[in-house]
>>> print(open('query12.cif').read())   # mmCIF, C-alpha atoms and all ligand atoms
data_structure
loop_
_atom_site.group_PDB
_atom_site.id
_atom_site.type_symbol
_atom_site.label_atom_id
_atom_site.label_comp_id
_atom_site.auth_asym_id
_atom_site.auth_seq_id
_atom_site.Cartn_x
_atom_site.Cartn_y
_atom_site.Cartn_z
ATOM 1 C CA MET A 1 20.109 1.253 -5.091
ATOM 2 C CA SER A 2 16.391 0.704 -4.738
ATOM 3 C CA LYS A 3 14.983 -2.514 -3.311
ATOM 4 C CA ALA A 4 12.114 -4.474 -4.797
ATOM 5 C CA LEU A 5 10.089 -7.666 -4.682
ATOM 6 C CA LEU A 6 9.875 -10.140 -7.547
ATOM 7 C CA TYR A 7 6.845 -12.425 -7.444
ATOM 8 C CA ASP A 8 6.954 -15.304 -9.911
ATOM 9 C CA ALA A 9 3.518 -16.913 -10.044
ATOM 10 C CA THR A 10 4.891 -19.973 -11.857
ATOM 11 C CA VAL A 11 6.669 -21.157 -8.704
ATOM 12 C CA CYS A 12 3.967 -20.117 -6.237
ATOM 13 C CA ILE A 13 2.154 -23.017 -4.576
ATOM 14 C CA GLY A 14 -0.623 -20.909 -3.061
ATOM 15 C CA CYS A 15 0.309 -21.755 0.525
ATOM 16 C CA LYS A 16 -0.598 -18.210 1.687
ATOM 17 C CA GLN A 17 2.265 -18.120 4.161
ATOM 18 C CA CYS A 18 3.039 -14.669 2.763
ATOM 19 C CA GLU A 19 -0.443 -13.519 3.820
ATOM 20 C CA GLN A 20 0.078 -14.866 7.327
ATOM 21 C CA ALA A 21 3.586 -13.426 7.680
ATOM 22 C CA CYS A 22 2.291 -10.042 6.535
ATOM 23 C CA ALA A 23 -0.499 -10.134 9.109
ATOM 24 C CA THR A 24 1.945 -11.046 11.884
ATOM 25 C CA LYS A 25 4.391 -8.348 10.821
ATOM 26 C CA ASN A 26 1.670 -5.715 10.811
ATOM 27 C CA GLY A 27 -0.158 -6.862 13.961
ATOM 28 C CA LEU A 28 -3.268 -7.868 12.003
ATOM 29 C CA PRO A 29 -5.643 -10.753 12.749
ATOM 30 C CA TYR A 30 -5.268 -13.885 10.641
ATOM 31 C CA ASP A 31 -7.392 -17.009 10.795
ATOM 32 C CA ASP A 32 -9.203 -19.283 8.340
ATOM 33 C CA ALA A 33 -11.878 -16.668 7.718
ATOM 34 C CA VAL A 34 -9.310 -13.979 6.860
ATOM 35 C CA ALA A 35 -7.356 -16.470 4.722
ATOM 36 C CA ALA A 36 -10.526 -17.089 2.708
ATOM 37 C CA GLU A 37 -11.086 -13.376 2.036
ATOM 38 C CA PRO A 38 -10.301 -12.870 -1.649
ATOM 39 C CA ALA A 39 -9.395 -9.172 -1.641
ATOM 40 C CA GLN A 40 -7.096 -6.668 0.040
ATOM 41 C CA SER A 41 -8.698 -4.782 2.893
ATOM 42 C CA GLU A 42 -7.823 -2.579 5.854
ATOM 43 C CA HIS A 43 -6.884 -5.769 7.736
ATOM 44 C CA LYS A 44 -5.367 -7.732 4.844
ATOM 45 C CA PHE A 45 -2.510 -5.986 3.048
ATOM 46 C CA THR A 46 -1.728 -8.798 0.624
ATOM 47 C CA VAL A 47 -3.823 -11.500 -0.957
ATOM 48 C CA VAL A 48 -2.956 -14.644 -2.895
ATOM 49 C CA MET A 49 -5.596 -15.097 -5.583
ATOM 50 C CA THR A 50 -6.393 -18.511 -7.049
ATOM 51 C CA LYS A 51 -7.827 -19.369 -10.438
ATOM 52 C CA ASN A 52 -7.933 -23.048 -11.359
ATOM 53 C CA ASP A 53 -4.401 -24.164 -10.522
ATOM 54 C CA LYS A 54 -2.817 -20.709 -10.989
ATOM 55 C CA PHE A 55 -1.957 -18.127 -8.363
ATOM 56 C CA MET A 56 -1.271 -14.404 -8.270
ATOM 57 C CA ARG A 57 -0.412 -12.012 -5.469
ATOM 58 C CA ARG A 58 -1.750 -8.540 -4.879
ATOM 59 C CA LEU A 59 -0.123 -5.951 -2.644
ATOM 60 C CA CYS A 60 0.868 -2.314 -2.864
ATOM 61 C CA MET A 61 3.131 -1.942 -5.902
ATOM 62 C CA ASN A 62 5.217 0.654 -4.050
ATOM 63 C CA CYS A 63 5.394 2.709 -7.241
ATOM 64 C CA ALA A 64 8.594 4.524 -8.188
ATOM 65 C CA GLU A 65 6.574 7.725 -8.446
ATOM 66 C CA PRO A 66 3.436 7.036 -6.448
ATOM 67 C CA ALA A 67 0.192 8.756 -7.398
ATOM 68 C CA CYS A 68 -1.040 8.312 -3.826
ATOM 69 C CA ALA A 69 1.798 10.462 -2.502
ATOM 70 C CA SER A 70 1.451 13.073 -5.223
ATOM 71 C CA VAL A 71 -2.139 13.888 -4.288
ATOM 72 C CA CYS A 72 -1.706 13.818 -0.508
ATOM 73 C CA PRO A 73 -2.026 17.461 0.645
ATOM 74 C CA VAL A 74 -0.136 16.865 3.891
ATOM 75 C CA GLY A 75 2.621 14.477 2.783
ATOM 76 C CA ALA A 76 1.330 11.518 4.781
ATOM 77 C CA LEU A 77 2.473 9.150 2.018
ATOM 78 C CA ARG A 78 6.052 9.238 0.813
ATOM 79 C CA LYS A 79 8.386 7.232 -1.405
ATOM 80 C CA THR A 80 11.616 6.366 0.395
ATOM 81 C CA ALA A 81 14.996 6.062 -1.275
ATOM 82 C CA LEU A 82 15.123 2.341 -0.490
ATOM 83 C CA GLY A 83 11.856 1.659 -2.318
ATOM 84 C CA PRO A 84 8.949 1.417 0.150
ATOM 85 C CA VAL A 85 6.092 3.914 -0.024
ATOM 86 C CA ILE A 86 5.416 4.715 3.617
ATOM 87 C CA TYR A 87 2.449 6.223 5.448
ATOM 88 C CA GLU A 88 2.596 8.484 8.507
ATOM 89 C CA GLU A 89 -0.743 8.321 10.278
ATOM 90 C CA SER A 90 0.052 11.340 12.475
ATOM 91 C CA ARG A 91 0.069 13.532 9.344
ATOM 92 C CA CYS A 92 -3.018 12.042 7.685
ATOM 93 C CA MET A 93 -6.123 14.236 7.713
ATOM 94 C CA GLY A 94 -8.420 11.575 6.281
ATOM 95 C CA CYS A 95 -9.172 13.187 2.911
ATOM 96 C CA ARG A 96 -8.655 9.811 1.200
ATOM 97 C CA TYR A 97 -7.413 11.373 -2.060
ATOM 98 C CA CYS A 98 -4.815 8.597 -2.130
ATOM 99 C CA MET A 99 -7.564 5.986 -2.437
ATOM 100 C CA VAL A 100 -8.953 7.736 -5.496
ATOM 101 C CA ALA A 101 -5.560 8.346 -7.105
ATOM 102 C CA CYS A 102 -4.040 4.865 -6.780
ATOM 103 C CA PRO A 103 -4.186 3.087 -10.150
ATOM 104 C CA PHE A 104 -4.198 -0.287 -8.383
ATOM 105 C CA SER A 105 -6.963 0.473 -5.835
ATOM 106 C CA VAL A 106 -4.615 -0.379 -2.992
ATOM 107 C CA PRO A 107 -5.144 2.012 -0.046
ATOM 108 C CA LYS A 108 -8.011 1.003 2.241
ATOM 109 C CA TYR A 109 -9.639 2.959 5.052
ATOM 110 C CA GLU A 110 -10.601 1.944 8.566
ATOM 111 C CA TRP A 111 -14.216 3.065 8.158
ATOM 112 C CA GLY A 112 -15.336 1.353 11.363
ATOM 113 C CA LYS A 113 -12.836 3.050 13.692
ATOM 114 C CA LEU A 114 -13.146 6.269 15.672
ATOM 115 C CA THR A 115 -9.721 7.426 14.536
ATOM 116 C CA PRO A 116 -9.448 5.765 11.134
ATOM 117 C CA ARG A 117 -6.225 5.313 9.219
ATOM 118 C CA VAL A 118 -5.362 4.565 5.620
ATOM 119 C CA ARG A 119 -3.950 1.050 5.474
ATOM 120 C CA LYS A 120 -1.713 -0.623 2.916
ATOM 121 C CA CYS A 121 1.460 -2.671 2.511
ATOM 122 C CA THR A 122 4.457 -0.406 3.080
ATOM 123 C CA MET A 123 6.954 -2.993 1.844
ATOM 124 C CA CYS A 124 8.057 -3.691 5.397
ATOM 125 C CA ALA A 125 9.871 -0.354 5.396
ATOM 126 C CA ASP A 126 11.316 -0.795 8.891
ATOM 127 C CA ARG A 127 12.719 -4.224 8.061
ATOM 128 C CA VAL A 128 14.160 -2.971 4.772
ATOM 129 C CA ALA A 129 15.746 0.006 6.537
ATOM 130 C CA ALA A 130 17.324 -2.461 8.986
ATOM 131 C CA GLY A 131 18.866 -4.453 6.131
ATOM 132 C CA GLN A 132 16.323 -7.280 6.283
ATOM 133 C CA GLN A 133 14.092 -8.640 3.570
ATOM 134 C CA THR A 134 10.320 -8.264 3.722
ATOM 135 C CA ALA A 135 8.395 -10.703 5.921
ATOM 136 C CA CYS A 136 6.543 -12.173 2.936
ATOM 137 C CA ALA A 137 9.767 -12.846 1.032
ATOM 138 C CA GLU A 138 11.471 -14.330 4.083
ATOM 139 C CA ILE A 139 8.701 -16.843 4.725
ATOM 140 C CA CYS A 140 8.078 -17.922 1.123
ATOM 141 C CA PRO A 141 9.055 -21.622 0.929
ATOM 142 C CA THR A 142 9.556 -21.724 -2.852
ATOM 143 C CA GLY A 143 11.196 -18.392 -3.556
ATOM 144 C CA ALA A 144 8.121 -17.264 -5.509
ATOM 145 C CA THR A 145 8.374 -13.984 -3.615
ATOM 146 C CA LYS A 146 11.934 -12.762 -3.702
ATOM 147 C CA PHE A 147 13.467 -9.597 -2.251
ATOM 148 C CA GLY A 148 16.533 -7.786 -3.596
ATOM 149 C CA GLU A 149 17.886 -4.905 -5.596
ATOM 150 C CA ARG A 150 15.395 -3.820 -8.235
ATOM 151 C CA ASP A 151 18.009 -3.856 -11.013
ATOM 152 C CA ASP A 152 19.107 -7.398 -10.099
ATOM 153 C CA LEU A 153 15.539 -8.676 -9.879
ATOM 154 C CA MET A 154 14.710 -7.069 -13.209
ATOM 155 C CA ALA A 155 17.671 -8.817 -14.833
ATOM 156 C CA GLU A 156 16.635 -12.101 -13.221
ATOM 157 C CA ALA A 157 13.043 -11.730 -14.422
ATOM 158 C CA GLN A 158 14.226 -11.028 -17.959
ATOM 159 C CA LYS A 159 16.488 -14.093 -17.842
ATOM 160 C CA ARG A 160 13.655 -16.324 -16.608
ATOM 161 C CA ILE A 161 11.481 -15.252 -19.536
ATOM 162 C CA ARG A 162 14.368 -15.606 -21.982
ATOM 163 C CA ASP A 163 15.270 -19.097 -20.730
ATOM 164 C CA ASN A 164 11.670 -20.366 -20.647
ATOM 165 C CA PRO A 165 9.635 -18.298 -23.108
ATOM 166 C CA SER A 166 6.821 -20.859 -23.282
ATOM 167 C CA GLN A 167 6.396 -20.757 -19.500
ATOM 168 C CA TYR A 168 5.808 -17.019 -19.189
ATOM 169 C CA VAL A 169 3.727 -14.186 -20.535
ATOM 170 C CA ASN A 170 6.361 -12.043 -22.238
ATOM 171 C CA HIS A 171 5.934 -9.151 -19.869
ATOM 172 C CA ILE A 172 7.290 -8.120 -16.487
ATOM 173 C CA PHE A 173 4.392 -6.339 -14.835
ATOM 174 C CA GLY A 174 5.753 -3.333 -12.979
ATOM 175 C CA GLN A 175 8.759 -2.788 -15.220
ATOM 176 C CA THR A 176 7.214 0.226 -16.908
ATOM 177 C CA GLU A 177 3.641 0.521 -15.618
ATOM 178 C CA VAL A 178 2.984 4.044 -14.292
ATOM 179 C CA GLY A 179 6.709 4.753 -14.501
ATOM 180 C CA GLY A 180 7.817 1.479 -12.874
ATOM 181 C CA THR A 181 7.138 -0.089 -9.504
ATOM 182 C CA SER A 182 9.078 -1.744 -6.687
ATOM 183 C CA VAL A 183 6.982 -4.893 -7.053
ATOM 184 C CA LEU A 184 7.593 -6.926 -10.205
ATOM 185 C CA LEU A 185 5.322 -9.742 -11.345
ATOM 186 C CA LEU A 186 5.846 -12.736 -13.626
ATOM 187 C CA SER A 187 3.043 -15.019 -14.745
ATOM 188 C CA SER A 188 2.185 -17.843 -17.097
ATOM 189 C CA VAL A 189 -1.328 -16.532 -17.637
ATOM 190 C CA PRO A 190 -2.313 -13.037 -18.824
ATOM 191 C CA PHE A 191 -2.265 -10.578 -15.941
ATOM 192 C CA GLU A 192 -5.753 -9.432 -16.927
ATOM 193 C CA GLU A 193 -7.110 -12.785 -15.754
ATOM 194 C CA PHE A 194 -6.258 -11.716 -12.217
ATOM 195 C CA GLY A 195 -7.677 -8.228 -12.623
ATOM 196 C CA TYR A 196 -4.467 -6.365 -13.468
ATOM 197 C CA HIS A 197 -4.839 -3.637 -16.072
ATOM 198 C CA THR A 198 -2.174 -3.969 -18.752
ATOM 199 C CA ASN A 199 -3.099 -0.789 -20.613
ATOM 200 C CA LEU A 200 -1.745 1.546 -17.936
ATOM 201 C CA THR A 201 0.370 4.492 -19.013
ATOM 202 C CA GLN A 202 4.147 4.177 -18.795
ATOM 203 C CA ASP A 203 4.338 7.765 -17.579
ATOM 204 C CA PRO A 204 4.552 8.375 -13.847
ATOM 205 C CA LEU A 205 1.060 9.404 -12.738
ATOM 206 C CA PRO A 206 2.248 12.368 -10.614
ATOM 207 C CA MET A 207 3.036 14.057 -13.954
ATOM 208 C CA TYR A 208 -0.696 14.210 -14.594
ATOM 209 C CA THR A 209 -1.408 15.377 -11.058
ATOM 210 C CA TYR A 210 0.967 18.303 -11.476
ATOM 211 C CA ARG A 211 -0.439 19.149 -14.912
ATOM 212 C CA VAL A 212 -3.954 19.294 -13.494
ATOM 213 C CA LEU A 213 -2.906 21.266 -10.436
ATOM 214 C CA GLN A 214 -1.052 23.910 -12.417
ATOM 215 C CA HIS A 215 -4.309 24.766 -14.209
ATOM 216 C CA ILE A 216 -6.259 25.296 -11.007
ATOM 217 C CA PRO A 217 -3.952 27.531 -8.971
ATOM 218 C CA ASP A 218 -6.731 29.161 -6.982
ATOM 219 C CA PHE A 219 -8.419 25.944 -6.006
ATOM 220 C CA VAL A 220 -5.380 24.253 -4.553
ATOM 221 C CA PRO A 221 -4.584 26.706 -1.746
ATOM 222 C CA LEU A 222 -8.300 27.089 -1.037
ATOM 223 C CA GLY A 223 -8.844 23.303 -0.991
ATOM 224 C CA GLY A 224 -5.762 22.890 1.174
ATOM 225 C CA MET A 225 -6.984 25.510 3.614
ATOM 226 C CA VAL A 226 -10.450 23.936 3.848
ATOM 227 C CA LEU A 227 -9.061 20.422 4.330
ATOM 228 C CA GLY A 228 -6.432 21.703 6.725
ATOM 229 C CA GLY A 229 -9.195 23.409 8.703
ATOM 230 C CA ILE A 230 -11.242 20.219 8.869
ATOM 231 C CA TRP A 231 -8.153 18.309 9.968
ATOM 232 C CA TRP A 232 -7.366 20.918 12.673
ATOM 233 C CA ILE A 233 -10.956 20.901 13.987
ATOM 234 C CA THR A 234 -11.037 17.087 14.091
ATOM 235 C CA HIS A 235 -7.739 16.864 15.936
ATOM 236 C CA ARG A 236 -8.689 19.727 18.241
ATOM 237 C CA ARG A 237 -11.866 17.865 19.209
ATOM 238 C CA GLU A 238 -9.797 14.767 19.960
ATOM 239 C CA GLU A 239 -7.402 16.816 22.077
ATOM 240 C CA VAL A 240 -10.271 18.416 24.005
ATOM 241 C CA ALA A 241 -11.967 15.042 24.512
ATOM 242 C CA GLY A 242 -8.661 13.596 25.714
ATOM 243 C CA ALA A 243 -8.136 16.497 28.156
ATOM 244 C CA GLU A 244 -11.669 16.054 29.498
ATOM 245 C CA ARG A 245 -11.090 12.337 30.049
ATOM 246 C CA HIS A 246 -7.869 13.187 31.867
ATOM 247 C CA VAL A 247 -9.639 15.686 34.139
ATOM 248 C CA THR A 248 -12.414 13.163 34.834
ATOM 249 C CA ALA A 249 -9.822 10.576 35.780
ATOM 250 C CA ILE A 250 -7.919 12.783 38.244
ATOM 251 C CA ARG A 251 -10.964 14.703 39.635
ATOM 252 C CA PRO A 252 -13.905 12.291 39.403
ATOM 253 C CA ASP A 253 -16.011 14.244 41.975
ATOM 254 C CA GLU A 254 -16.281 17.249 39.680
ATOM 255 C CA ASN A 255 -18.361 15.233 37.246
ATOM 256 C CA LYS A 256 -20.749 13.603 39.672
ATOM 257 C CA GLY A 257 -23.064 16.421 40.648
ATOM 258 C CA GLY A 258 -22.471 18.955 37.936
ATOM 259 C CA LYS A 259 -20.528 22.184 38.547
ATOM 260 C CA ARG A 260 -20.028 23.412 42.082
HETATM 261 S S1 LIG B 1 0.167 1.021 -5.720
HETATM 262 FE FE1 LIG B 1 -1.164 2.742 -5.140
HETATM 263 S S2 LIG B 1 -0.920 2.898 -2.908
HETATM 264 FE FE2 LIG B 1 0.814 1.679 -3.662
HETATM 265 S S3 LIG B 1 2.456 3.190 -4.023
HETATM 266 FE FE3 LIG B 1 1.374 2.927 -5.986
HETATM 267 S S4 LIG B 1 -0.164 4.577 -5.976
HETATM 268 FE FE4 LIG B 1 0.533 4.332 -3.857
HETATM 269 S S1 LIG B 2 6.136 -6.355 1.953
HETATM 270 FE FE1 LIG B 2 5.613 -6.504 4.133
HETATM 271 S S2 LIG B 2 3.748 -5.273 4.335
HETATM 272 FE FE2 LIG B 2 4.006 -5.708 2.122
HETATM 273 S S3 LIG B 2 2.855 -7.612 1.723
HETATM 274 FE FE3 LIG B 2 4.960 -8.235 2.198
HETATM 275 S S4 LIG B 2 4.936 -8.616 4.432
HETATM 276 FE FE4 LIG B 2 3.112 -7.400 3.948
HETATM 277 S S1 LIG B 3 4.431 -17.831 0.540
HETATM 278 FE FE1 LIG B 3 5.335 -17.959 -1.525
HETATM 279 S S2 LIG B 3 4.570 -19.911 -2.351
HETATM 280 FE FE2 LIG B 3 3.284 -19.432 -0.571
HETATM 281 S S3 LIG B 3 1.512 -18.319 -1.470
HETATM 282 FE FE3 LIG B 3 3.022 -16.761 -0.872
HETATM 283 S S4 LIG B 3 4.243 -16.405 -2.699
HETATM 284 FE FE4 LIG B 3 3.135 -18.326 -3.027
#
>>> encode(input="query12.cif", output="structure tokens", more="lines below")
Ligand code: SF4
Ligand code: SF4
Ligand code: SF4
Amino acid sequence: MSKALLYDATVCIGCKQCEQACATKNGLPYDDAVAAEPAQSEHKFTVVMTKNDKFMRRLCMNCAEPACASVCPVGALRKTALGPVIYEESRCMGCRYCMVACPFSVPKYEWGKLTPRVRKCTMCADRVAAGQQTACAEICPTGATKFGERDDLMAEAQKRIRDNPSQYVNHIFGQTEVGGTSVLLLSSVPFEEFGYHTNLTQDPLPMYTYRVLQHIPDFVPLGGMVLGGIWWITHRREEVAGAERHVTAIRPDENKGGKR
């Protein structure tokens, strides 16, 4: 069974404790300035948006069939059986195709760092694997963010709409979008008002990736070789620089007066 998050904006009070818990979980800074930032970034994996007295969360949707993973040439992004879409930085070669492919503009890049990574919510994959709920669901004081089995949460979301049709937009965002996601959203105001696109295909996006790739058979291996080469050269430089630092540390005299 696949896990998921259900966010019900009608019971959210905008306290942003989910933002703070996410930052703590992921070792990210969080203060008043970060709390005031209105968008996801490489140091803010989830954001609680406010419009008048309404709220809406944004985070990685952890798609059932993620476009980000389908375009990654080295398999740095991967959907796990439990639901989270994880990222392995040791595999990443920095091509950033995932950022282009994501229909929700989620992955961000550490542009200012020497060894940049792609950054995004990974649905607290380690916690989920250990049988825990996500940090944002655990902290939520109203139950607006709830963790559980996707099938159960889907049934609960449908019941909430059925029981209070005037309170909700008659749509569970994430039920079918791009083939379904592991984050489900309920709202009393149209999702478009918070920047969500509601005209997304119901087909999994990787289908389109594969269709495009099968028509350009020569480009793919060539592109992979070029990108792989760039990745190898970059990592090789880092290895050489690291070895040089090591030598300097253990034989400092060799670097004082040039070669002997
Ligand atoms: S929302 Fe974007 S980054 Fe997250 S799993 Fe889906 S395609 Fe990947
Ligand atoms: S699931 Fe985890 S990583 Fe994702 S927003 Fe919640 S706390 Fe952050
Ligand atoms: S912790 Fe819960 S109530 Fe507070 S902003 Fe996040 S989702 Fe809303």
>>> residues_around(input="query12.cif", residues="stretch 46-61 of chain A", least_positions_apart="2", cutoff="7 Å", atoms="only C-alpha atoms", output="PyMOL selection string")
chain A and resi 9+12+14+16+19+38-40+44+63+106+120-121+181-183+194
>>> write_last_selection(input="query12.cif", atoms="C-alpha atoms", output="PDB file, in the coordinates of the input")
ATOM      1  CA  ALA A   9       3.518 -16.913 -10.044  1.00  0.00           C
ATOM      2  CA  CYS A  12       3.967 -20.117  -6.237  1.00  0.00           C
ATOM      3  CA  GLY A  14      -0.623 -20.909  -3.061  1.00  0.00           C
ATOM      4  CA  LYS A  16      -0.598 -18.210   1.687  1.00  0.00           C
ATOM      5  CA  GLU A  19      -0.443 -13.519   3.820  1.00  0.00           C
ATOM      6  CA  PRO A  38     -10.301 -12.870  -1.649  1.00  0.00           C
ATOM      7  CA  ALA A  39      -9.395  -9.172  -1.641  1.00  0.00           C
ATOM      8  CA  GLN A  40      -7.096  -6.668   0.040  1.00  0.00           C
ATOM      9  CA  LYS A  44      -5.367  -7.732   4.844  1.00  0.00           C
ATOM     10  CA  CYS A  63       5.394   2.709  -7.241  1.00  0.00           C
ATOM     11  CA  VAL A 106      -4.615  -0.379  -2.992  1.00  0.00           C
ATOM     12  CA  LYS A 120      -1.713  -0.623   2.916  1.00  0.00           C
ATOM     13  CA  CYS A 121       1.460  -2.671   2.511  1.00  0.00           C
ATOM     14  CA  THR A 181       7.138  -0.089  -9.504  1.00  0.00           C
ATOM     15  CA  SER A 182       9.078  -1.744  -6.687  1.00  0.00           C
ATOM     16  CA  VAL A 183       6.982  -4.893  -7.053  1.00  0.00           C
ATOM     17  CA  PHE A 194      -6.258 -11.716 -12.217  1.00  0.00           C
TER      18      PHE A 194
END
>>> resolve_selection(input="query12.cif", expression="the PyMOL selection byres (((not hetatm)) within 7 of (chain B and resi 2))", output="PyMOL selection string")
chain A and resi 18+21-23+25-26+45-46+59-60+121-124+134-137
>>> atom_distance(input="query12.cif", atom1="atom CA of A:Phe147", atom2="atom CA of A:Glu177")
19.4 Å
>>> residues_around(input="query12.cif", residues="A:Tyr30", least_positions_apart="2", cutoff="9 Å", atoms="only C-alpha atoms", output="CSV table (one decimal) with C-alpha atoms, in the frame of the given file")
chain,number,residue,atom,x,y,z
A,19,GLU,CA,-0.4,-13.5,3.8
A,20,GLN,CA,0.1,-14.9,7.3
A,23,ALA,CA,-0.5,-10.1,9.1
A,24,THR,CA,1.9,-11.0,11.9
A,28,LEU,CA,-3.3,-7.9,12.0
A,32,ASP,CA,-9.2,-19.3,8.3
A,33,ALA,CA,-11.9,-16.7,7.7
A,34,VAL,CA,-9.3,-14.0,6.9
A,35,ALA,CA,-7.4,-16.5,4.7
A,43,HIS,CA,-6.9,-5.8,7.7
A,44,LYS,CA,-5.4,-7.7,4.8
>>> closest_atom_pairs(input="query12.cif", of="chain A", to="ligand LIG 1 (chain B)", cutoff="10 Å", atoms="only C-alpha atoms and all ligand atoms", output="tab-separated table")
residue	atom	partner	partner_atom	distance
A:Arg58	CA	B:LIG1	S1	9.8
A:Leu59	CA	B:LIG1	S1	7.6
A:Cys60	CA	B:LIG1	FE2	4.1
A:Met61	CA	B:LIG1	S1	4.2
A:Asn62	CA	B:LIG1	S3	3.7
A:Cys63	CA	B:LIG1	FE3	4.2
A:Ala64	CA	B:LIG1	S3	7.5
A:Glu65	CA	B:LIG1	FE3	7.5
A:Pro66	CA	B:LIG1	S4	4.4
A:Ala67	CA	B:LIG1	S4	4.4
A:Cys68	CA	B:LIG1	FE4	4.3
A:Ala69	CA	B:LIG1	FE4	6.4
A:Ser70	CA	B:LIG1	S4	8.7
A:Val71	CA	B:LIG1	S4	9.7
A:Leu77	CA	B:LIG1	FE4	7.8
A:Arg78	CA	B:LIG1	S3	8.5
A:Lys79	CA	B:LIG1	S3	7.6
A:Gly83	CA	B:LIG1	S3	9.7
A:Pro84	CA	B:LIG1	S3	7.9
A:Val85	CA	B:LIG1	S3	5.5
A:Ile86	CA	B:LIG1	S3	8.3
A:Tyr87	CA	B:LIG1	S2	9.6
A:Cys98	CA	B:LIG1	S2	6.9
A:Met99	CA	B:LIG1	S2	7.3
A:Val100	CA	B:LIG1	FE1	9.3
A:Ala101	CA	B:LIG1	S4	6.7
A:Cys102	CA	B:LIG1	FE1	3.9
A:Pro103	CA	B:LIG1	FE1	5.9
A:Phe104	CA	B:LIG1	S1	5.3
A:Ser105	CA	B:LIG1	FE1	6.3
A:Val106	CA	B:LIG1	S2	4.9
A:Pro107	CA	B:LIG1	S2	5.2
A:Lys108	CA	B:LIG1	S2	9.0
A:Val118	CA	B:LIG1	S2	9.8
A:Arg119	CA	B:LIG1	S2	9.1
A:Lys120	CA	B:LIG1	S2	6.9
A:Cys121	CA	B:LIG1	FE2	7.6
A:Thr122	CA	B:LIG1	FE2	7.9
A:Met123	CA	B:LIG1	FE2	9.5
A:Val178	CA	B:LIG1	FE3	8.5
A:Gly180	CA	B:LIG1	FE3	9.5
A:Thr181	CA	B:LIG1	FE3	7.4
A:Ser182	CA	B:LIG1	S3	8.7
A:Val183	CA	B:LIG1	S1	9.1
A:Pro204	CA	B:LIG1	S4	9.9
A:Leu205	CA	B:LIG1	S4	8.4
A:Pro206	CA	B:LIG1	S4	9.4
>>> resolve_selection(input="query12.cif", expression="the PyMOL selection byres (((chain A and resi 2) around 10) and not hetatm)", output="PyMOL selection string")
chain A and resi 1+3-4+64+80-84+148-151+182
>>> decode(input="query12.cif", residues="stretch 172-189 of chain A", atoms="C-alpha atoms", output="tab-separated table (two decimals), in the first residue's frame")
chain	number	residue	atom	x	y	z
A	172	ILE	CA	-9.60	16.28	-4.99
A	173	PHE	CA	-6.46	17.77	-6.48
A	174	GLY	CA	-3.96	14.98	-7.02
A	175	GLN	CA	-6.52	12.22	-7.48
A	176	THR	CA	-5.98	12.05	-11.22
A	177	GLU	CA	-3.62	14.90	-12.14
A	178	VAL	CA	-0.66	13.59	-14.16
A	179	GLY	CA	-1.70	10.05	-13.28
A	180	GLY	CA	-2.28	10.72	-9.57
A	181	THR	CA	-0.03	11.97	-6.80
A	182	SER	CA	0.86	11.05	-3.22
A	183	VAL	CA	-0.24	14.48	-2.02
A	184	LEU	CA	-3.98	15.14	-2.13
A	185	LEU	CA	-5.51	18.59	-1.68
A	186	LEU	CA	-8.96	19.78	-0.64
A	187	SER	CA	-10.04	23.40	-0.77
A	188	SER	CA	-13.03	25.69	-0.45
A	189	VAL	CA	-11.71	28.04	-3.11
